[in-house]
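K.L.:
Pasting work39.tsv here (TSV, C-alpha atoms and all ligand atoms):
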chain	number	residue	atom	x	y	z
A	261	MET	CA	25.06	-18.25	-5.86
A	262	LYS	CA	28.04	-15.96	-6.18
A	263	ILE	CA	27.34	-12.61	-7.78
A	264	SER	CA	29.81	-13.44	-10.57
A	265	GLU	CA	27.85	-16.62	-11.30
A	266	ILE	CA	24.55	-14.71	-11.44
A	267	ILE	CA	26.11	-12.18	-13.82
A	268	GLU	CA	27.19	-14.95	-16.15
A	269	LYS	CA	23.97	-17.00	-16.03
A	270	ILE	CA	21.50	-14.18	-16.65
A	271	LYS	CA	23.82	-12.02	-18.78
A	272	LEU	CA	23.64	-9.21	-16.28
A	273	ASN	CA	25.15	-5.93	-17.37
A	274	ILE	CA	26.58	-4.36	-14.19
A	275	LEU	CA	26.17	-0.57	-14.16
A	276	THR	CA	27.87	0.26	-10.86
A	277	GLY	CA	31.45	-0.78	-11.63
A	278	ASP	CA	33.57	-2.95	-9.34
A	279	TYR	CA	31.74	-5.22	-6.94
A	280	GLU	CA	32.49	-7.55	-4.11
A	281	ASP	CA	31.82	-11.13	-5.26
A	282	SER	CA	29.70	-12.14	-2.29
A	283	GLU	CA	27.22	-14.97	-1.93
A	284	VAL	CA	23.52	-14.30	-2.59
A	285	ILE	CA	21.33	-16.47	-0.35
A	286	PHE	CA	17.82	-15.00	-0.75
A	287	GLY	CA	15.88	-13.40	-3.57
A	288	TYR	CA	12.69	-11.36	-3.79
A	289	VAL	CA	10.60	-10.24	-6.77
A	290	SER	CA	8.42	-7.16	-6.54
A	291	ASP	CA	7.58	-3.90	-8.24
A	292	MET	CA	5.98	-2.30	-5.20
A	293	LEU	CA	8.38	-0.58	-2.81
A	294	SER	CA	6.41	-1.06	0.39
A	295	ASP	CA	6.05	-4.74	-0.43
A	296	VAL	CA	9.84	-4.95	-0.69
A	297	MET	CA	10.15	-2.87	2.48
A	298	GLY	CA	7.80	-5.08	4.47
A	299	HIS	CA	8.49	-8.55	3.14
A	300	ALA	CA	11.85	-8.94	1.39
A	301	PRO	CA	14.35	-11.05	3.30
A	302	SER	CA	17.29	-8.97	4.55
A	303	GLU	CA	20.37	-9.04	2.35
A	304	SER	CA	18.49	-10.48	-0.62
A	305	ALA	CA	18.80	-9.89	-4.35
A	306	LEU	CA	15.91	-7.76	-5.59
A	307	ILE	CA	14.45	-8.63	-8.98
A	308	THR	CA	12.37	-5.73	-10.30
A	309	ILE	CA	11.47	-3.40	-13.16
A	310	LEU	CA	11.77	-0.37	-10.84
A	311	ALA	CA	14.70	1.69	-12.03
A	312	HIS	CA	13.71	4.88	-10.19
A	313	GLU	CA	16.10	6.27	-7.57
A	314	ASN	CA	13.66	5.44	-4.75
A	315	VAL	CA	14.57	1.81	-5.10
A	316	ILE	CA	18.08	2.68	-3.85
A	317	ALA	CA	16.75	4.11	-0.58
A	318	VAL	CA	14.69	0.96	-0.05
A	319	ALA	CA	17.66	-1.28	-0.86
A	320	MET	CA	19.86	0.67	1.54
A	321	LEU	CA	17.29	0.53	4.33
A	322	ARG	CA	16.70	-3.22	3.89
A	323	ASP	CA	20.34	-4.22	3.28
A	324	ILE	CA	19.63	-5.41	-0.24
A	325	SER	CA	23.00	-5.97	-1.86
A	326	ILE	CA	22.06	-6.30	-5.54
A	327	ILE	CA	19.23	-4.94	-7.70
A	328	ILE	CA	18.55	-6.95	-10.85
A	329	LEU	CA	16.62	-4.87	-13.38
A	330	VAL	CA	14.72	-7.11	-15.76
A	331	ASN	CA	13.20	-6.57	-19.24
A	332	ASN	CA	16.23	-4.45	-20.11
A	333	ARG	CA	15.20	-1.59	-17.79
A	334	LYS	CA	17.92	1.01	-17.30
A	335	PRO	CA	18.30	3.43	-14.38
A	336	ASP	CA	19.28	7.07	-14.92
A	337	GLN	CA	22.71	8.41	-13.99
A	338	LYS	CA	21.54	9.79	-10.64
A	339	THR	CA	20.21	6.41	-9.57
A	340	ILE	CA	23.51	4.77	-10.49
A	341	GLU	CA	25.46	7.42	-8.55
A	342	LYS	CA	23.29	6.89	-5.46
A	343	ALA	CA	23.78	3.14	-5.69
A	344	VAL	CA	27.56	3.51	-5.90
A	345	GLU	CA	27.48	5.84	-2.90
A	346	GLU	CA	25.59	3.25	-0.84
A	347	GLY	CA	27.63	0.30	-2.09
A	348	ILE	CA	24.66	-1.33	-3.84
A	349	ILE	CA	25.16	-3.25	-7.09
A	350	ILE	CA	22.77	-2.57	-9.98
A	351	GLY	CA	22.65	-4.59	-13.16
A	352	SER	CA	20.30	-4.87	-16.10
A	353	THR	CA	19.31	-7.97	-18.07
A	354	GLU	CA	17.12	-8.66	-21.09
A	355	LEU	CA	15.49	-11.59	-19.30
A	356	SER	CA	12.11	-11.30	-17.56
A	357	ALA	CA	11.53	-11.50	-13.80
A	358	PHE	CA	10.18	-15.04	-14.26
A	359	GLU	CA	13.24	-16.21	-16.16
A	360	VAL	CA	15.70	-14.59	-13.73
A	361	SER	CA	13.85	-16.07	-10.73
A	362	GLY	CA	13.94	-19.54	-12.26
A	363	ILE	CA	17.65	-19.39	-12.95
A	364	LEU	CA	18.49	-18.07	-9.49
A	365	TYR	CA	16.22	-20.59	-7.80
A	366	ASN	CA	17.84	-23.46	-9.69
A	367	GLY	CA	21.21	-22.07	-8.67
A	368	GLY	CA	20.32	-22.39	-4.99
A	369	VAL	CA	19.04	-18.90	-4.17
A	370	SER	CA	15.93	-19.31	-2.04
A	371	GLY	CA	12.86	-17.34	-1.17
A	372	LYS	CA	11.55	-16.49	2.26
A	373	TYR	CA	8.47	-14.43	3.06
A	374	GLU	CA	9.16	-12.27	6.09
B	235	MET	CA	19.44	11.90	21.50
B	236	ASP	CA	17.10	14.01	19.41
B	237	LYS	CA	16.91	14.82	15.68
B	238	THR	CA	14.41	16.61	13.45
B	239	TYR	CA	14.12	16.36	9.67
B	240	HIS	CA	12.03	18.43	7.31
B	241	ILE	CA	10.10	16.53	4.64
B	242	GLU	CA	8.81	18.22	1.46
B	243	GLY	CA	5.65	16.86	-0.16
B	244	GLY	CA	6.16	15.69	-3.75
B	245	ASN	CA	9.96	15.61	-3.49
B	246	PHE	CA	10.56	11.97	-4.36
B	247	SER	CA	14.24	12.38	-5.12
B	248	GLU	CA	15.01	13.27	-1.48
B	249	ALA	CA	12.49	10.77	-0.09
B	250	GLY	CA	14.09	8.33	2.27
B	251	PHE	CA	16.90	10.68	3.31
B	252	ALA	CA	15.75	11.05	6.92
B	253	SER	CA	15.23	7.30	7.42
B	254	SER	CA	18.58	6.48	5.81
B	255	ASP	CA	20.33	9.01	8.02
B	256	VAL	CA	18.75	7.56	11.16
B	257	LYS	CA	19.55	4.02	10.06
B	258	LYS	CA	23.23	4.91	9.75
B	259	LEU	CA	23.12	6.48	13.20
B	260	LEU	CA	21.46	3.41	14.77
B	261	LYS	CA	24.08	1.20	13.15
B	262	LYS	CA	26.85	3.39	14.57
B	263	LEU	CA	25.25	3.15	18.00
B	264	GLY	CA	25.42	-0.63	17.66
B	265	LEU	CA	21.72	-1.41	18.08
B	266	PRO	CA	20.56	-4.98	17.32
B	267	THR	CA	19.84	-5.58	13.61
B	268	ASN	CA	16.19	-6.53	14.19
B	269	ILE	CA	15.59	-3.19	15.93
B	270	ILE	CA	17.35	-1.28	13.16
B	271	LYS	CA	15.24	-3.14	10.60
B	272	LYS	CA	11.96	-2.28	12.34
B	273	ALA	CA	12.95	1.38	12.73
B	274	ALA	CA	14.07	1.62	9.10
B	275	ILE	CA	10.80	0.17	7.79
B	276	ALA	CA	8.51	2.27	9.99
B	277	MET	CA	10.39	5.53	9.47
B	278	TYR	CA	10.65	5.10	5.72
B	279	GLU	CA	6.94	4.41	5.31
B	280	ALA	CA	6.01	7.39	7.49
B	281	GLU	CA	8.42	9.64	5.59
B	282	ILE	CA	7.16	8.49	2.18
B	283	ASN	CA	3.55	9.05	3.19
B	284	VAL	CA	4.29	12.73	3.74
B	285	VAL	CA	6.05	12.94	0.36
B	286	ALA	CA	3.28	11.04	-1.46
B	287	HIS	CA	0.16	12.31	0.29
B	288	ALA	CA	0.85	15.58	2.17
B	289	TYR	CA	2.31	19.03	1.48
B	290	ARG	CA	5.09	19.22	4.04
B	291	GLY	CA	6.04	17.82	7.40
B	292	ASP	CA	8.63	17.20	10.07
B	293	MET	CA	9.94	13.96	11.42
B	294	GLU	CA	11.23	13.95	14.97
B	295	PHE	CA	13.37	11.09	16.11
B	296	LYS	CA	14.38	10.42	19.68
B	297	ILE	CA	16.18	7.65	21.56
B	298	ILE	CA	15.60	7.29	25.27
B	299	PRO	CA	16.75	4.33	27.39
B	300	GLY	CA	14.84	1.30	26.11
B	301	GLN	CA	12.86	3.07	23.40
B	302	ILE	CA	12.96	4.73	19.99
B	303	LEU	CA	10.29	7.42	19.62
B	304	VAL	CA	9.29	8.88	16.27
B	305	THR	CA	6.70	11.54	15.48
B	306	VAL	CA	5.83	12.64	11.97
B	307	GLN	CA	3.62	15.68	11.77
B	308	ASP	CA	2.39	17.00	8.43
B	309	GLU	CA	0.32	19.71	6.83
B	310	GLY	CA	-1.85	17.94	4.31
B	311	PRO	CA	-5.27	16.60	3.42
B	312	GLY	CA	-5.57	14.44	6.56
B	313	ILE	CA	-7.03	10.93	6.56
B	314	PRO	CA	-10.85	10.74	6.45
B	315	ASP	CA	-11.15	7.06	7.42
B	316	LEU	CA	-8.29	5.73	9.53
B	317	GLU	CA	-9.52	2.15	9.65
B	318	LEU	CA	-9.69	2.05	5.87
B	319	ALA	CA	-6.24	3.67	5.58
B	320	PHE	CA	-4.76	0.90	7.74
B	321	THR	CA	-6.35	-1.82	5.60
B	322	GLU	CA	-3.72	-3.61	3.55
B	323	GLY	CA	-4.23	-2.82	-0.14
B	324	PHE	CA	-6.09	0.48	0.36
B	325	SER	CA	-4.42	3.37	-1.42
B	326	THR	CA	-5.37	6.71	-2.90
B	327	ALA	CA	-1.95	7.16	-4.56
B	328	SER	CA	-2.04	8.91	-7.94
B	329	SER	CA	-1.01	7.05	-11.09
B	330	LYS	CA	2.19	9.12	-11.23
B	331	VAL	CA	3.09	7.97	-7.71
B	332	ARG	CA	2.21	4.36	-8.57
B	333	GLU	CA	4.57	4.36	-11.54
B	334	MET	CA	7.45	4.94	-9.12
B	335	GLY	CA	6.52	1.82	-7.19
B	336	PHE	CA	4.36	3.30	-4.44
B	337	GLY	CA	0.68	2.76	-3.79
B	338	ALA	CA	0.51	-0.88	-2.71
B	339	GLY	CA	-1.45	0.25	0.35
B	340	MET	CA	1.08	-1.44	2.59
B	341	GLY	CA	2.86	1.50	4.22
B	342	LEU	CA	0.63	1.96	7.26
B	343	PRO	CA	0.26	-1.83	7.80
B	344	ASN	CA	4.08	-2.09	7.62
B	345	ILE	CA	4.40	0.62	10.27
B	346	LYS	CA	1.90	-1.15	12.51
B	347	ARG	CA	3.61	-4.51	12.15
B	348	ASN	CA	7.05	-3.15	12.99
B	349	THR	CA	6.28	-0.96	15.99
B	350	ASP	CA	5.27	-1.62	19.58
B	351	ASP	CA	2.91	1.31	19.92
B	352	ILE	CA	1.36	3.64	17.37
B	353	SER	CA	-1.02	6.59	17.50
B	354	VAL	CA	-2.52	8.76	14.78
B	355	GLU	CA	-4.27	12.07	15.10
B	356	THR	CA	-5.63	13.45	11.88
B	357	GLU	CA	-7.87	16.29	10.77
B	358	VAL	CA	-9.28	16.43	7.27
B	359	GLY	CA	-8.04	19.55	5.48
B	360	LYS	CA	-5.33	20.21	8.06
B	361	GLY	CA	-2.91	17.35	8.50
B	362	THR	CA	-1.81	14.24	10.27
B	363	ARG	CA	0.37	13.42	13.26
B	364	LEU	CA	1.67	9.87	13.43
B	365	SER	CA	3.71	8.70	16.42
B	366	PHE	CA	5.22	5.35	17.11
B	367	VAL	CA	7.42	3.61	19.64
B	368	ILE	CA	9.89	0.78	19.13
B	369	ASN	CA	11.08	-0.97	22.25
B	370	ILE	CA	14.79	-1.69	22.24
C	1	LIG	N1	0.31	11.53	5.85
C	1	LIG	C1	-0.82	11.26	5.17
C	1	LIG	N2	-1.66	12.26	4.77
C	1	LIG	C2	-2.79	12.00	4.08
C	1	LIG	N3	-3.19	10.75	3.73
C	1	LIG	C3	-2.41	9.72	4.11
C	1	LIG	C4	-1.20	9.91	4.84
C	1	LIG	N4	-0.65	8.69	5.08
C	1	LIG	C5	-1.48	7.79	4.52
C	1	LIG	N5	-2.55	8.40	3.94
C	1	LIG	C6	-3.70	7.74	3.28
C	1	LIG	O1	-3.75	6.39	3.68
C	1	LIG	C7	-3.63	5.53	2.51
C	1	LIG	C8	-2.88	4.26	2.88
C	1	LIG	O2	-1.53	4.58	3.23
C	1	LIG	P1	-0.40	3.45	3.05
C	1	LIG	O3	0.90	4.05	3.44
C	1	LIG	O4	-0.83	2.24	3.77
C	1	LIG	O5	-0.45	3.12	1.50
C	1	LIG	P2	0.05	4.02	0.26
C	1	LIG	O6	0.91	5.14	0.76
C	1	LIG	O7	-1.12	4.43	-0.53
C	1	LIG	O8	0.90	2.98	-0.56
C	1	LIG	P3	2.32	2.36	-0.14
C	1	LIG	O9	2.64	2.86	1.23
C	1	LIG	O10	2.10	0.88	-0.16
C	1	LIG	O11	3.29	2.81	-1.17
C	1	LIG	C9	-2.97	6.41	1.47
C	1	LIG	O12	-3.22	5.97	0.14
C	1	LIG	C10	-3.60	7.76	1.77
C	1	LIG	O13	-4.90	7.85	1.25
C	2	MG	MG	2.49	4.72	2.07
When written as structure tokens, how does the structure in this file appear?

P.N.:
Amino acid sequence: MKISEIIEKIKLNILTGDYEDSEVIFGYVSDMLSDVMGHAPSESALITILAHENVIAVAMLRDISIIILVNNRKPDQKTIEKAVEEGIIIGSTELSAFEVSGILYNGGVSGKYE
Amino acid sequence: MDKTYHIEGGNFSEAGFASSDVKKLLKKLGLPTNIIKKAAIAMYEAEINVVAHAYRGDMEFKIIPGQILVTVQDEGPGIPDLELAFTEGFSTASSKVREMGFGAGMGLPNIKRNTDDISVETEVGKGTRLSFVINI
């Protein structure tokens, strides 16, 4: 799925401004950072409730291009600034992790346990 | 090439700085992506363990022909049972630390899985020295 398509389908509110409309191939759902670190496919979309700034470091280190915050979680300003600095997209949606995963999966985004 | 970073226990907002800095360097040097990935995972987990579990430490990073060498030495409580600490799912992380997304008990197993050699020396009440090697 294209990022623009994801934004539309899950009503994602992008918090990091302009983005490159690239293709998302893999997705991963987790709220534990070392699980993301160890098992998320590279360059995947991360679906999580973690809005703390540490998630940016993990995304940067694992080449995660977009962080989808579910259940309407919102990051603080510092987290947003760090994301912009690293070129990582963050958006927030009212949908749950289950709902977002279902929509992305149906749209062709796949999972892969590494 | 040789670099040393200081790590402050409890400082979660700076956590990951050293690993991110090294990752950028490895990318600039043009190392293969699978090597960069392994180094990023192992260094991050080692760095975070100092922040989450110890008082302060230093991370030393070195590249020699064919190998990446990393040593993280900390002043901290030490690890009383190493075998238990390396068991996936074991964690003594506080509830405050867990709320930030740490404490899955996967850090040390992640380090082990992504390195070619690892050694730990630890003394309860003093600190821990973790070294690992990644073959390039
Ligand atoms: N540098 C350290 N000093 C003292 N204790 C440590 C240190 N590193 C690890 N430990 C101990 O080993 C346990 C397991 O570490 P591990 O990194 O696998 O998991 P964690 O840090 O608890 O959680 P996670 O890494 O998944 O966020 C820790 O909970 C802690 O008790
Ligand atoms: Mg850990």

K.L.:
CA of Glu333 (chain B) and CA of Leu310 (chain A), how far apart in Å?

P.N.:
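Between CA of Leu310 (chain A) and CA of Glu333 (chain B) the gap is 8.6 Å.
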
K.L.:
Give the residues close to ligand LIG 1 (chain C), within 8 Å, counting only C-alpha atoms and all ligand atoms; write them as a ChimeraX atom specification.

P.N.:
/A:292-295 /B:279-280,282-284,286-288,307-313,316,318-327,332,335-344,361-364

K.L.:
Measure the distance from CA of Ser325 (chain A) to CA of His240 (chain B) in Å and round it to one decimal.

P.N.:
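Separation between CA of Ser325 (chain A) and CA of His240 (chain B): 28.3 Å.
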
K.L.:
Would you give me, as a Markdown table, each residue of chain A having an atom within 10 Å of an atom of chain B, along with its shortest atom pair and that distance in Å to one decimal, using all atoms listed in the file and sorting by chain and residue number?

P.N.:
| residue | atom | partner | partner_atom | distance |
| --- | --- | --- | --- | --- |
| A:Ser290 | CA | B:Gly335 | CA | 9.2 |
| A:Asp291 | CA | B:Gly335 | CA | 5.9 |
| A:Met292 | CA | B:Gly335 | CA | 4.6 |
| A:Leu293 | CA | B:Gly335 | CA | 5.3 |
| A:Ser294 | CA | B:Met340 | CA | 5.8 |
| A:Asp295 | CA | B:Met340 | CA | 6.7 |
| A:Val296 | CA | B:Ile275 | CA | 10.0 |
| A:Met297 | CA | B:Ile275 | CA | 6.2 |
| A:Gly298 | CA | B:Asn344 | CA | 5.7 |
| A:His299 | CA | B:Asn344 | CA | 9.0 |
| A:Ser302 | CA | B:Lys271 | CA | 8.6 |
| A:Ile309 | CA | B:Gly335 | CA | 9.3 |
| A:Leu310 | CA | B:Gly335 | CA | 6.8 |
| A:Ala311 | CA | B:Met334 | CA | 8.5 |
| A:His312 | CA | B:Met334 | CA | 6.4 |
| A:Glu313 | CA | B:Ser247 | CA | 6.8 |
| A:Asn314 | CA | B:Ser247 | CA | 7.0 |
| A:Val315 | CA | B:Gly335 | CA | 8.3 |
| A:Ile316 | CA | B:Gly250 | CA | 9.2 |
| A:Ala317 | CA | B:Gly250 | CA | 5.7 |
| A:Val318 | CA | B:Gly250 | CA | 7.7 |
| A:Met320 | CA | B:Ser254 | CA | 7.3 |
| A:Leu321 | CA | B:Ala274 | CA | 5.9 |
| A:Arg322 | CA | B:Lys271 | CA | 6.9 |
| A:Asp323 | CA | B:Lys271 | CA | 9.0 |
| A:Lys338 | CA | B:Ser247 | CA | 9.5 |
| A:Thr339 | CA | B:Ser247 | CA | 9.5 |

K.L.:
Name the closest residue to Glu283 (chain A) among the candidates A:Glu374, A:Ala300, A:Ser352, A:Leu364; distances are taken between atoms, counting all atoms listed in the file.

P.N.:
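Closest candidate: A:Leu364.
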
K.L.:
What is the distance between CA of Ser353 (chain B) and CA of Leu260 (chain B), in Å to one decimal?

P.N.:
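Rounded to one decimal, the two atoms are 22.9 Å apart.
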
K.L.:
Contacts of Gly371 (chain A) at 12 Å or less, counting only C-alpha atoms, minus same-chain residues fewer than 5 places along, as a PyMOL selection string?

P.N.:
chain A and resi 284-289+299-307+361-362+364-366

K.L.:
Under the rule that all atoms listed in the file are counted, which of A:Ile266, A:Ala357, A:Leu275, A:Ile363 is the nearest residue to Pro335 (chain A)?

P.N.:
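Of A:Ile266, A:Ala357, A:Leu275, A:Ile363, the one nearest Pro335 (chain A), counting all atoms listed in the file, is A:Leu275.
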
K.L.:
With distances taken over only C-alpha atoms and all ligand atoms, which of B:Asp351, B:Asp292, B:Glu281, B:Glu317 is nearest to ligand MG 2 (chain C)?

P.N.:
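Selected residue with least distance to ligand MG 2 (chain C): B:Glu281.
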
K.L.:
Starting from the incomplete input, reconstruct N, CA, C and O atoms of region 335-353 of chain A and report them as a PDB file, in the coordinates of the input.

P.N.:
ATOM      1  N   PRO A 335      18.465   2.293 -15.287  1.00  0.00           N
ATOM      2  CA  PRO A 335      18.300   3.430 -14.380  1.00  0.00           C
ATOM      3  C   PRO A 335      18.955   4.682 -14.963  1.00  0.00           C
ATOM      4  O   PRO A 335      19.803   4.568 -15.860  1.00  0.00           O
ATOM      5  N   ASP A 336      18.575   5.868 -14.462  1.00  0.00           N
ATOM      6  CA  ASP A 336      19.280   7.070 -14.920  1.00  0.00           C
ATOM      7  C   ASP A 336      20.580   7.231 -14.132  1.00  0.00           C
ATOM      8  O   ASP A 336      20.853   6.497 -13.178  1.00  0.00           O
ATOM      9  N   GLN A 337      21.374   8.217 -14.562  1.00  0.00           N
ATOM     10  CA  GLN A 337      22.710   8.410 -13.990  1.00  0.00           C
ATOM     11  C   GLN A 337      22.665   8.664 -12.484  1.00  0.00           C
ATOM     12  O   GLN A 337      23.480   8.178 -11.730  1.00  0.00           O
ATOM     13  N   LYS A 338      21.640   9.435 -12.059  1.00  0.00           N
ATOM     14  CA  LYS A 338      21.540   9.790 -10.640  1.00  0.00           C
ATOM     15  C   LYS A 338      21.297   8.554  -9.772  1.00  0.00           C
ATOM     16  O   LYS A 338      21.833   8.434  -8.667  1.00  0.00           O
ATOM     17  N   THR A 339      20.489   7.655 -10.290  1.00  0.00           N
ATOM     18  CA  THR A 339      20.210   6.410  -9.570  1.00  0.00           C
ATOM     19  C   THR A 339      21.483   5.589  -9.438  1.00  0.00           C
ATOM     20  O   THR A 339      21.780   5.036  -8.370  1.00  0.00           O
ATOM     21  N   ILE A 340      22.247   5.529 -10.515  1.00  0.00           N
ATOM     22  CA  ILE A 340      23.510   4.770 -10.490  1.00  0.00           C
ATOM     23  C   ILE A 340      24.469   5.395  -9.481  1.00  0.00           C
ATOM     24  O   ILE A 340      25.084   4.693  -8.672  1.00  0.00           O
ATOM     25  N   GLU A 341      24.560   6.734  -9.494  1.00  0.00           N
ATOM     26  CA  GLU A 341      25.460   7.420  -8.550  1.00  0.00           C
ATOM     27  C   GLU A 341      25.067   7.130  -7.095  1.00  0.00           C
ATOM     28  O   GLU A 341      25.924   6.878  -6.251  1.00  0.00           O
ATOM     29  N   LYS A 342      23.755   7.172  -6.828  1.00  0.00           N
ATOM     30  CA  LYS A 342      23.290   6.890  -5.460  1.00  0.00           C
ATOM     31  C   LYS A 342      23.630   5.472  -5.045  1.00  0.00           C
ATOM     32  O   LYS A 342      24.006   5.219  -3.903  1.00  0.00           O
ATOM     33  N   ALA A 343      23.483   4.543  -5.979  1.00  0.00           N
ATOM     34  CA  ALA A 343      23.780   3.140  -5.690  1.00  0.00           C
ATOM     35  C   ALA A 343      25.262   2.973  -5.349  1.00  0.00           C
ATOM     36  O   ALA A 343      25.616   2.310  -4.367  1.00  0.00           O
ATOM     37  N   VAL A 344      26.117   3.606  -6.130  1.00  0.00           N
ATOM     38  CA  VAL A 344      27.560   3.510  -5.900  1.00  0.00           C
ATOM     39  C   VAL A 344      27.893   4.070  -4.509  1.00  0.00           C
ATOM     40  O   VAL A 344      28.634   3.456  -3.734  1.00  0.00           O
ATOM     41  N   GLU A 345      27.286   5.209  -4.197  1.00  0.00           N
ATOM     42  CA  GLU A 345      27.480   5.840  -2.900  1.00  0.00           C
ATOM     43  C   GLU A 345      27.129   4.904  -1.739  1.00  0.00           C
ATOM     44  O   GLU A 345      27.794   4.883  -0.709  1.00  0.00           O
ATOM     45  N   GLU A 346      26.062   4.144  -1.910  1.00  0.00           N
ATOM     46  CA  GLU A 346      25.590   3.250  -0.840  1.00  0.00           C
ATOM     47  C   GLU A 346      26.191   1.848  -0.940  1.00  0.00           C
ATOM     48  O   GLU A 346      25.854   0.975  -0.148  1.00  0.00           O
ATOM     49  N   GLY A 347      27.010   1.614  -1.942  1.00  0.00           N
ATOM     50  CA  GLY A 347      27.630   0.300  -2.090  1.00  0.00           C
ATOM     51  C   GLY A 347      26.654  -0.781  -2.545  1.00  0.00           C
ATOM     52  O   GLY A 347      26.786  -1.955  -2.200  1.00  0.00           O
ATOM     53  N   ILE A 348      25.638  -0.371  -3.332  1.00  0.00           N
ATOM     54  CA  ILE A 348      24.660  -1.330  -3.840  1.00  0.00           C
ATOM     55  C   ILE A 348      24.942  -1.596  -5.321  1.00  0.00           C
ATOM     56  O   ILE A 348      25.218  -0.664  -6.075  1.00  0.00           O
ATOM     57  N   ILE A 349      24.889  -2.881  -5.697  1.00  0.00           N
ATOM     58  CA  ILE A 349      25.160  -3.250  -7.090  1.00  0.00           C
ATOM     59  C   ILE A 349      23.864  -3.155  -7.894  1.00  0.00           C
ATOM     60  O   ILE A 349      22.823  -3.617  -7.439  1.00  0.00           O
ATOM     61  N   ILE A 350      23.928  -2.537  -9.080  1.00  0.00           N
ATOM     62  CA  ILE A 350      22.770  -2.570  -9.980  1.00  0.00           C
ATOM     63  C   ILE A 350      23.205  -3.131 -11.320  1.00  0.00           C
ATOM     64  O   ILE A 350      24.231  -2.737 -11.874  1.00  0.00           O
ATOM     65  N   GLY A 351      22.390  -4.054 -11.838  1.00  0.00           N
ATOM     66  CA  GLY A 351      22.650  -4.590 -13.160  1.00  0.00           C
ATOM     67  C   GLY A 351      21.349  -4.709 -13.919  1.00  0.00           C
ATOM     68  O   GLY A 351      20.265  -4.703 -13.337  1.00  0.00           O
ATOM     69  N   SER A 352      21.479  -4.778 -15.246  1.00  0.00           N
ATOM     70  CA  SER A 352      20.300  -4.870 -16.100  1.00  0.00           C
ATOM     71  C   SER A 352      20.428  -6.099 -17.000  1.00  0.00           C
ATOM     72  O   SER A 352      21.515  -6.422 -17.468  1.00  0.00           O
ATOM     73  N   THR A 353      19.307  -6.791 -17.193  1.00  0.00           N
ATOM     74  CA  THR A 353      19.310  -7.970 -18.070  1.00  0.00           C
ATOM     75  C   THR A 353      18.109  -7.923 -19.007  1.00  0.00           C
ATOM     76  O   THR A 353      17.099  -7.294 -18.700  1.00  0.00           O
TER      77      THR A 353
END
